[in-house]
file run-v4.tsv (TSV, C-alpha atoms and all ligand atoms)
chain	number	residue	atom	x	y	z
X	1	MET	CA	-2.02	-21.68	-8.38
X	2	ARG	CA	-1.38	-22.44	-12.02
X	3	LEU	CA	-1.05	-19.43	-14.27
X	4	PRO	CA	-3.80	-20.36	-16.75
X	5	ARG	CA	-6.20	-20.80	-13.88
X	6	LEU	CA	-5.17	-17.50	-12.40
X	7	ILE	CA	-5.77	-15.78	-15.72
X	8	THR	CA	-9.16	-17.41	-16.02
X	9	MET	CA	-10.02	-16.15	-12.57
X	10	LEU	CA	-8.78	-12.73	-13.54
X	11	LEU	CA	-10.89	-12.52	-16.60
X	12	ALA	CA	-13.86	-13.77	-14.65
X	13	SER	CA	-13.36	-11.27	-11.88
X	14	GLY	CA	-12.97	-8.28	-14.14
X	15	VAL	CA	-9.74	-7.05	-12.63
X	16	THR	CA	-7.55	-7.96	-15.54
X	17	LEU	CA	-5.66	-4.71	-15.69
X	18	LEU	CA	-4.69	-4.79	-12.07
X	19	ILE	CA	-3.57	-8.37	-12.21
X	20	ALA	CA	-1.53	-7.74	-15.29
X	21	ALA	CA	0.29	-5.09	-13.34
X	22	ILE	CA	0.84	-7.44	-10.43
X	23	LEU	CA	2.02	-10.23	-12.70
X	24	LEU	CA	4.53	-7.85	-14.22
X	25	SER	CA	5.90	-7.23	-10.82
X	26	THR	CA	6.30	-10.94	-10.18
X	27	LEU	CA	8.99	-11.31	-12.79
X	28	PRO	CA	12.56	-11.42	-11.51
X	29	ALA	CA	13.86	-7.99	-10.65
X	30	HIS	CA	16.31	-7.69	-13.50
X	31	ALA	CA	13.72	-8.52	-16.12
X	32	THR	CA	11.32	-5.68	-15.46
X	33	GLU	CA	12.74	-3.35	-12.86
X	34	ARG	CA	15.31	-1.57	-14.98
X	35	MET	CA	12.83	0.26	-17.14
X	36	ALA	CA	13.67	3.93	-17.04
X	37	SER	CA	11.34	6.30	-15.29
X	38	PRO	CA	11.75	9.99	-14.57
X	39	PRO	CA	14.06	10.91	-11.70
X	40	ASN	CA	12.33	12.09	-8.55
X	41	ASP	CA	13.85	15.30	-7.19
X	42	GLY	CA	17.31	13.90	-7.85
X	43	TRP	CA	16.73	10.68	-5.89
X	44	TYR	CA	17.72	7.54	-7.69
X	45	TYR	CA	18.37	3.87	-7.08
X	46	THR	CA	21.82	2.38	-7.43
X	47	SER	CA	22.17	-0.05	-10.31
X	48	ARG	CA	24.28	-3.08	-9.47
X	49	PRO	CA	24.39	-6.07	-11.79
X	50	SER	CA	22.18	-9.00	-10.85
X	51	PRO	CA	24.47	-11.89	-9.96
X	52	VAL	CA	21.69	-14.42	-9.45
X	53	SER	CA	19.01	-15.72	-11.75
X	54	ALA	CA	16.51	-17.10	-9.27
X	55	GLY	CA	16.26	-16.16	-5.63
X	56	ARG	CA	13.89	-16.94	-2.82
X	57	VAL	CA	10.22	-16.04	-3.39
X	58	ILE	CA	7.95	-14.49	-0.78
X	59	ASP	CA	4.29	-14.81	-1.72
X	60	LEU	CA	1.93	-11.95	-0.94
X	61	TYR	CA	-1.83	-12.57	-1.05
X	62	VAL	CA	-3.64	-9.29	-1.62
X	63	ASP	CA	-7.12	-8.58	-0.32
X	64	THR	CA	-9.55	-7.72	-3.11
X	65	ASP	CA	-10.92	-4.83	-1.01
X	66	PHE	CA	-8.04	-2.50	-1.86
X	67	SER	CA	-8.88	0.31	-4.29
X	68	GLU	CA	-7.25	0.50	-7.69
X	69	HIS	CA	-4.97	3.25	-6.46
X	70	GLU	CA	-3.97	1.20	-3.43
X	71	LYS	CA	-3.30	-1.86	-5.58
X	72	GLN	CA	-1.05	0.17	-7.86
X	73	SER	CA	0.78	1.44	-4.79
X	74	LEU	CA	1.21	-2.12	-3.52
X	75	VAL	CA	2.71	-3.05	-6.87
X	76	SER	CA	5.05	-0.08	-6.71
X	77	ALA	CA	6.18	-1.02	-3.19
X	78	MET	CA	6.82	-4.62	-4.28
X	79	ARG	CA	8.68	-3.55	-7.39
X	80	GLN	CA	10.99	-1.31	-5.43
X	81	TRP	CA	11.84	-4.06	-2.93
X	82	ASN	CA	12.32	-6.50	-5.80
X	83	TYR	CA	14.65	-4.01	-7.41
X	84	VAL	CA	16.80	-3.36	-4.36
X	85	LEU	CA	16.98	-7.06	-3.44
X	86	ASN	CA	18.30	-7.65	-6.95
X	87	GLY	CA	16.90	-11.14	-7.43
X	88	PHE	CA	18.14	-12.64	-4.15
X	89	VAL	CA	14.68	-12.45	-2.61
X	90	TRP	CA	11.61	-11.29	-4.43
X	91	PHE	CA	7.95	-10.69	-3.79
X	92	ARG	CA	5.28	-12.35	-5.89
X	93	ALA	CA	1.72	-11.11	-5.51
X	94	ARG	CA	-1.55	-12.92	-5.99
X	95	MET	CA	-5.08	-11.77	-5.38
X	96	LEU	CA	-7.06	-13.39	-2.61
X	97	PRO	CA	-10.56	-14.54	-3.50
X	98	VAL	CA	-13.45	-12.52	-2.09
X	99	ASN	CA	-14.16	-13.70	1.48
X	100	PRO	CA	-11.33	-16.26	1.63
X	101	GLU	CA	-12.07	-19.42	3.58
X	102	PRO	CA	-10.22	-19.88	6.88
X	103	ALA	CA	-8.73	-23.05	5.43
X	104	LEU	CA	-7.12	-21.03	2.64
X	105	LEU	CA	-5.67	-18.54	5.11
X	106	ALA	CA	-4.27	-21.40	7.17
X	107	GLN	CA	-2.72	-22.91	4.07
X	108	ILE	CA	-1.12	-19.56	3.17
X	109	ARG	CA	0.26	-19.35	6.68
X	110	ARG	CA	1.70	-22.85	6.50
X	111	SER	CA	3.39	-22.07	3.19
X	112	HIS	CA	4.99	-18.94	4.75
X	113	GLY	CA	2.93	-16.57	2.62
X	114	TRP	CA	1.74	-13.18	3.77
X	115	VAL	CA	-1.81	-11.85	3.59
X	116	ILE	CA	-2.13	-8.13	2.87
X	117	ALA	CA	-5.47	-7.28	4.45
X	118	ARG	CA	-7.43	-4.05	4.21
X	119	VAL	CA	-9.17	-3.40	7.51
X	120	ASP	CA	-10.50	-0.32	9.28
X	121	SER	CA	-10.02	1.08	12.75
X	122	ARG	CA	-12.83	-1.10	14.15
X	123	HIS	CA	-10.71	-4.19	13.54
X	124	PRO	CA	-9.32	-5.75	16.76
X	125	VAL	CA	-5.73	-5.27	15.59
X	126	ALA	CA	-6.38	-1.51	15.38
X	127	ARG	CA	-7.93	-1.35	18.85
X	128	SER	CA	-5.32	-2.93	21.07
X	129	GLY	CA	-1.80	-2.06	22.14
X	130	GLU	CA	0.29	-0.10	19.70
X	131	GLY	CA	-2.19	-0.83	16.95
X	132	THR	CA	-4.33	1.90	18.46
X	133	HIS	CA	-2.19	4.54	16.78
X	134	ALA	CA	-0.88	2.60	13.79
X	135	LEU	CA	-1.44	3.13	10.09
X	136	ALA	CA	-0.59	-0.51	9.46
X	137	VAL	CA	0.34	-3.51	11.56
X	138	THR	CA	2.54	-6.38	10.44
X	139	THR	CA	2.42	-9.56	12.48
X	140	GLY	CA	4.23	-12.84	11.99
X	141	SER	CA	7.58	-14.10	10.91
X	142	ARG	CA	8.02	-16.44	7.96
X	143	GLY	CA	4.43	-15.76	7.01
X	144	GLY	CA	1.73	-13.68	8.62
X	145	PHE	CA	-0.44	-10.65	8.08
X	146	VAL	CA	0.01	-7.06	7.05
X	147	TYR	CA	-3.07	-5.18	8.20
X	148	VAL	CA	-3.60	-1.86	6.49
X	149	ILE	CA	-5.88	0.33	8.59
X	150	SER	CA	-7.47	2.02	5.64
X	151	ASP	CA	-9.44	4.78	7.33
X	152	ARG	CA	-6.29	6.09	9.01
X	153	MET	CA	-4.29	6.43	5.81
X	154	GLY	CA	-5.74	9.80	4.82
X	155	ASN	CA	-3.63	11.25	2.02
X	156	ARG	CA	-0.40	9.66	3.23
X	157	ASP	CA	1.75	8.05	0.61
X	158	PHE	CA	0.41	4.52	0.46
X	159	THR	CA	3.48	3.23	-1.37
X	160	GLY	CA	5.81	4.53	1.35
X	161	VAL	CA	3.75	2.96	4.11
X	162	MET	CA	3.70	-0.37	2.29
X	163	MET	CA	7.44	-0.30	1.61
X	164	HIS	CA	7.91	0.15	5.37
X	165	GLU	CA	5.62	-2.79	6.16
X	166	PHE	CA	7.29	-4.97	3.53
X	167	GLY	CA	10.55	-4.16	5.29
X	168	HIS	CA	9.06	-5.86	8.36
X	169	VAL	CA	7.89	-8.77	6.21
X	170	LEU	CA	11.53	-9.13	5.13
X	171	GLY	CA	12.67	-9.24	8.75
X	172	ALA	CA	13.72	-5.63	9.36
X	173	GLY	CA	12.97	-3.97	12.67
X	174	HIS	CA	12.76	-0.24	13.22
X	175	ASP	CA	15.58	2.19	12.59
X	176	GLY	CA	16.02	5.72	13.85
X	177	PHE	CA	15.89	7.31	10.44
X	178	GLY	CA	14.66	6.64	6.92
X	179	LEU	CA	12.12	4.19	5.60
X	180	MET	CA	12.23	1.96	8.70
X	181	ALA	CA	11.77	4.80	11.21
X	182	PRO	CA	8.91	3.88	13.55
X	183	VAL	CA	7.01	7.08	12.81
X	184	TYR	CA	5.70	7.78	9.36
X	185	SER	CA	7.08	10.64	7.33
X	186	ALA	CA	6.59	11.05	3.61
X	187	ALA	CA	10.07	12.48	3.05
X	188	MET	CA	11.79	9.51	4.73
X	189	GLY	CA	9.49	6.94	3.18
X	190	ARG	CA	9.96	8.01	-0.41
X	191	CYS	CA	12.24	5.12	-1.35
X	192	ILE	CA	14.24	2.22	0.11
X	193	ASP	CA	17.35	3.69	1.67
X	194	GLN	CA	20.63	2.02	2.52
X	195	ASP	CA	19.79	1.61	6.22
X	196	ALA	CA	16.57	-0.21	5.39
X	197	VAL	CA	18.39	-2.48	2.94
X	198	ALA	CA	21.09	-3.17	5.56
X	199	LEU	CA	18.47	-4.27	8.10
X	200	VAL	CA	16.94	-6.65	5.57
X	201	ALA	CA	20.33	-7.89	4.39
X	202	ARG	CA	21.18	-8.81	7.97
X	203	ALA	CA	17.84	-10.57	8.52
X	204	GLN	CA	17.98	-12.43	5.22
X	205	ARG	CA	21.77	-12.96	5.18
X	206	LEU	CA	22.26	-11.20	1.86
X	207	PRO	CA	25.48	-9.55	0.62
X	208	MET	CA	25.09	-5.76	0.79
X	209	ASN	CA	27.53	-5.20	-2.08
X	210	HIS	CA	25.13	-6.93	-4.49
X	211	LEU	CA	22.02	-5.02	-3.42
X	212	ASN	CA	20.62	-1.65	-4.46
X	213	TRP	CA	19.22	1.25	-2.47
X	214	CYS	CA	18.18	4.82	-3.09
X	215	GLU	CA	20.48	7.74	-2.73
X	216	GLY	CA	19.59	11.41	-2.58
X	217	PRO	CA	20.79	14.42	-4.49
X	218	ALA	CA	23.24	15.27	-1.68
X	219	VAL	CA	25.41	12.37	-2.81
X	220	GLY	CA	26.15	14.42	-5.89
X	221	ARG	CA	25.81	11.78	-8.57
X	222	PRO	CA	23.62	12.27	-11.63
X	223	PRO	CA	20.20	10.60	-11.59
X	224	LEU	CA	20.17	7.19	-13.25
X	225	PRO	CA	17.33	5.21	-14.74
X	226	MET	CA	15.52	3.77	-11.77
X	227	ALA	CA	12.56	1.83	-10.58
X	228	GLN	CA	9.49	3.88	-9.83
X	229	VAL	CA	9.76	6.06	-6.79
X	230	PRO	CA	6.63	7.33	-5.08
X	231	HIS	CA	5.96	11.03	-5.23
X	232	ALA	CA	6.40	12.09	-1.65
X	233	ASP	CA	4.06	14.66	-0.23
X	234	TYR	CA	6.11	16.85	2.04
X	235	ARG	CA	3.05	18.39	3.60
X	236	THR	CA	1.89	15.07	4.99
X	237	PRO	CA	1.73	15.33	8.79
X	238	MET	CA	3.65	12.93	10.96
X	239	ALA	CA	1.69	10.03	12.36
X	240	ALA	CA	2.47	6.93	14.32
X	241	ARG	CA	3.22	3.76	12.50
X	242	GLN	CA	4.46	0.52	13.90
X	243	ARG	CA	5.14	-3.01	12.98
X	301	ZN	ZN	7.11	-0.42	11.55

call {"tool": "encode", "arguments": {"input": "run-v4.tsv", "output": "structure tokens", "more": "lines below"}}
Ligand SMILES: [Zn+2]
result
Amino acid sequence: MRLPRLITMLLASGVTLLIAAILLSTLPAHATERMASPPNDGWYYTSRPSPVSAGRVIDLYVDTDFSEHEKQSLVSAMRQWNYVLNGFVWFRARMLPVNPEPALLAQIRRSHGWVIARVDSRHPVARSGEGTHALAVTTGSRGGFVYVISDRMGNRDFTGVMMHEFGHVLGAGHDGFGLMAPVYSAAMGRCIDQDAVALVARAQRLPMNHLNWCEGPAVGRPPLPMAQVPHADYRTPMAARQR
């Protein structure tokens, strides 16, 4: 979609603010992601120089049904992945039209884009197999769907859940600990840790020594300016989550 047309659609649809935020996040990582933000309990992202100017783009098509808060969280999750991937691979988000035609969805699939769909627990994907206990389900490879089962999210950190699902979009499987652990925990999902980045680096064939990840206060280094990190809620109960 051409930018002027997108902007026209935006203005027409009255979601200008949101889209502006999403457009911001579509810029290459090094252009926007280094803006300072307050440290989060001593957690910070590493800050390696960006050796590439233009990497591979993964298009995300976002359902209009998400709330403003959820959309902001989606943007935050994208921005953090764009930051850690350091320009080698980056997410670009667009809004889906209301009630998208099947032909459009098929076209997105053919172009290896991903649809981020807001569903509820009555949706078939939430009622079969492991989806029965999932907060979100990601299906596909080189394009597909991320289904967010909205009525199961409760007060869980939406950004953390989406960073986990975007890890799957990037080819990561599950890991025993950290962001890509199969079971949701707010403390482990607060930011994109080295293990999660390593899984994606392997899947995408990226050089680890040029990527970023978050490190905790135990590492003993002072907090640095970093991309936004979600505010984890340590009281959030554990719940199943799967790809
Ligand atoms: Zn998963």

call {"tool": "residues_near_ligand", "arguments": {"input": "run-v4.tsv", "ligand": "ligand ZN 301 (chain X)", "cutoff": "10 Å", "atoms": "only C-alpha atoms and all ligand atoms", "output": "PyMOL selection string"}}
result
chain X and resi 134-138+161-169+172-175+179-184+240-243

call {"tool": "residues_near_point", "arguments": {"input": "run-v4.tsv", "point": "(24.0, 0.3, -6.1)", "cutoff": "8 Å", "atoms": "all atoms listed in the file", "output": "tab-separated table (two decimals) with C-alpha atoms, in the coordinates of the input"}}
result
chain	number	residue	atom	x	y	z
X	45	TYR	CA	18.37	3.87	-7.08
X	46	THR	CA	21.82	2.38	-7.43
X	47	SER	CA	22.17	-0.05	-10.31
X	48	ARG	CA	24.28	-3.08	-9.47
X	209	ASN	CA	27.53	-5.20	-2.08
X	210	HIS	CA	25.13	-6.93	-4.49
X	211	LEU	CA	22.02	-5.02	-3.42
X	212	ASN	CA	20.62	-1.65	-4.46
X	213	TRP	CA	19.22	1.25	-2.47
X	214	CYS	CA	18.18	4.82	-3.09

call {"tool": "residues_around", "arguments": {"input": "run-v4.tsv", "residues": "Val89 in chain X", "least_positions_apart": "2", "cutoff": "6 Å", "atoms": "all atoms listed in the file", "output": "ChimeraX atom specification"}}
result
/X:55-57,85,87

call {"tool": "atom_distance", "arguments": {"input": "run-v4.tsv", "atom1": "CA of Phe66 in chain X", "atom2": "CA of Ala93 in chain X"}}
result
13.5 Å

call {"tool": "residues_around", "arguments": {"input": "run-v4.tsv", "residues": "Ser141 in chain X", "least_positions_apart": "5", "cutoff": "10 Å", "atoms": "only C-alpha atoms", "output": "list in words"}}
result
Arg109, His112, Gly113, Trp114, His168, Val169, Leu170 and Gly171 of chain X

call {"tool": "atom_distance", "arguments": {"input": "run-v4.tsv", "atom1": "CA of Ile108 in chain X", "atom2": "CA of Asp151 in chain X"}}
result
26.1 Å

call {"tool": "closest_residue", "arguments": {"input": "run-v4.tsv", "among": "X:Ser67, X:Val62, X:Ala77, X:Arg127", "to": "Arg190 in chain X", "atoms": "only C-alpha atoms"}}
result
X:Ala77

call {"tool": "closest_residue", "arguments": {"input": "run-v4.tsv", "among": "X:Gly129, X:Gly154, X:Gly143, X:Pro102", "to": "Ile116 in chain X", "atoms": "all atoms listed in the file"}}
result
X:Gly143

call {"tool": "atom_distance", "arguments": {"input": "run-v4.tsv", "atom1": "CA of Arg122 in chain X", "atom2": "CA of Ile149 in chain X"}}
result
9.0 Å

call {"tool": "closest_residue", "arguments": {"input": "run-v4.tsv", "among": "X:Ser121, X:Ser150, X:Thr159, X:Gln194", "to": "Ser73 in chain X", "atoms": "only C-alpha atoms"}}
result
X:Thr159

call {"tool": "axis_aligned_box", "arguments": {"input": "run-v4.tsv", "around": "range 189-208 of chain X", "padding_each_side": "4 Å", "output": "lines of an AutoDock Vina configuration file"}}
result
center_x = 17.5
center_y = -2.5
center_z = 3.6
size_x = 24.0
size_y = 29.0
size_z = 17.9
